[in-house]
Amino acid sequence: MAGREDLKDKKRIVIKIGSSSLTHQETGRINLSKMERLVRILTDLRNEGKDVILVSSGAIAVGKETLGLQNRPTEKVEKQACAAVGQARLMMVYQKLFAEYNQVPAQILMTKYTMINDISRENAQNTFQELFRMGVIPIVNENDTVTTDEIEFGDNDTLSAIVTALVNADLLILLSDIDGLYTDDPRQNEEAVFIDFVERIDDRLDSMAKDSSTLVGTGGMATKISAAKIATGSGADMIIANGEEINIINAIMAGEKKGTFFQAHRNENFKLLDYISTRQYSNK
């Protein structure tokens with residue numbers, strides 16, 4: 001049975017990093033030293049011959065600070081304006097940092113319609129494959145600037161799991177502001193017990209997944225459990241780990257007992273579209 005000791009052999013890895021892991025808690029501004037370490041680690045994984053995708057949050061948070069807004073925007077139009085500014089600023093930083101290591105990144109912005117529409121989905125899949133062939137590291141985010149309620153993923157935990165399934169990745173790492181899965185919220189319950197291994201997701205785990213909130217993030221534990229269902233069902237292992245120290249990626253890849261490990265159990269009847277709410281759209 002595959003476990004942590006096999007993580008070093010994974011060939012295609014999706015890493016999701018949240019807004020709270022990319023910014024300074026005190027100011028909400030970009031944490032450049034952490035981003036530099038992240039870029040170095042991703043480039044090194046690519047240098048090992050692995051395919052790497054980064055799903056990066058942070059556009060709205062960075063746009064908010066760039067525009068000098070005091071509070072996180074709540075209105076959709078304001079969020080979209082912040083995303084338009086912040087995504088450009090975020091990619092500029094990524095481009096400069098990757099250039100230091102002679103690594104080429106690419107930007108891919110997606111909406112739910114990208115996955116629902118057969119032609120768009122196939123095009124996205126082909127683009128990822130060609131970027132891998134060229135040795136490029138795709139940086140993925142939701143296209144917040146043009147999304148509507150009907151075609152938004154809503155959180156990058158879900159988006160990263162869908163990308164994992166789309167490209168047939170064999171590992172998804174969710175970097176969060178919590179060490180992993182607990183029996184309860186450890187910030188509110190001192191008796192909460194850490195869960196380091198999940199063989200299968202059952203109703204009991206679902207009931208444990210309570211939404212949490214941070215100053216800059218949107219995804220709680222419920223979204224991570226949902227992401228785990230998609231990733232493991234598509235055949236990928238998944239790990240939830242604390243992104244406070246970015247070198248935890250290296251520890252995970254070395255098989256160290258970090259975060260909560262969700263074991264893959266490929267579902268032969270797995271259909272990605274079953275996990276995507278189409279609302280008013282069809283897949284025609």
# chains A, B, ... in the order shown; residues from 1 in each chain; ligands from 1

$ residues_around --residues "A:Leu32" --least-positions-apart "3" --cutoff "10 Å" --atoms "only C-alpha atoms" --output "number ranges by chain"
A: 22-24, 29, 35-38, 93-94, 97

$ select_by_dssp --residues "stretch 3-237 of chain A" --states "helix (DSSP H, G or I)" --output "ChimeraX atom specification"
/A:4-9,19-22,32-47,59-66,76-99,112-116,118-133,149-151,156-166,203-208,221-233

$ residues_around --residues "A:Leu159" --least-positions-apart "3" --cutoff "8 Å" --atoms "only C-alpha atoms" --output "PyMOL selection string"
chain A and resi 55+141-142+153+155-156+162-163

$ residues_around --residues "stretch 181-183 of chain A" --least-positions-apart "3" --cutoff "8 Å" --atoms "only C-alpha atoms" --output "list in words"
Pro186, Ala192, Val193, Phe194, Ile195, Asp196, Met208, Met221, Ile240, Gly259 and Thr260 of chain A

$ write_last_selection --atoms "C-alpha atoms" --output "compact mmCIF listing (two decimals), in the first residue's frame"
# COMPACT_ATOMS: atom_id res chain seq x y z
CA PRO A 186 -7.60 23.46 17.59
CA ALA A 192 -8.80 18.66 19.46
CA VAL A 193 -6.81 15.65 18.22
CA PHE A 194 -4.62 15.78 15.12
CA ILE A 195 -5.31 13.23 12.37
CA ASP A 196 -2.17 12.39 10.39
CA MET A 208 -15.49 17.39 11.46
CA MET A 221 -11.57 22.78 6.30
CA ILE A 240 -2.94 19.30 3.96
CA GLY A 259 0.40 17.39 7.70
CA THR A 260 -2.55 15.10 7.08

$ atom_distance --atom1 "atom CA of A:Leu205" --atom2 "atom CA of A:Ala222"
9.5 Å

$ atom_distance --atom1 "atom CA of A:Glu100" --atom2 "atom CA of A:Thr43"
10.2 Å

$ select_by_dssp --residues "stretch 48-243 of chain A" --states "strand (DSSP E)" --output "PyMOL selection string"
chain A and resi 51-56+105-110+137-142+171-176+181-182+194-195+197-198+237-242

$ atom_distance --atom1 "atom CA of A:Leu171" --atom2 "atom CA of A:Gln107"
20.6 Å
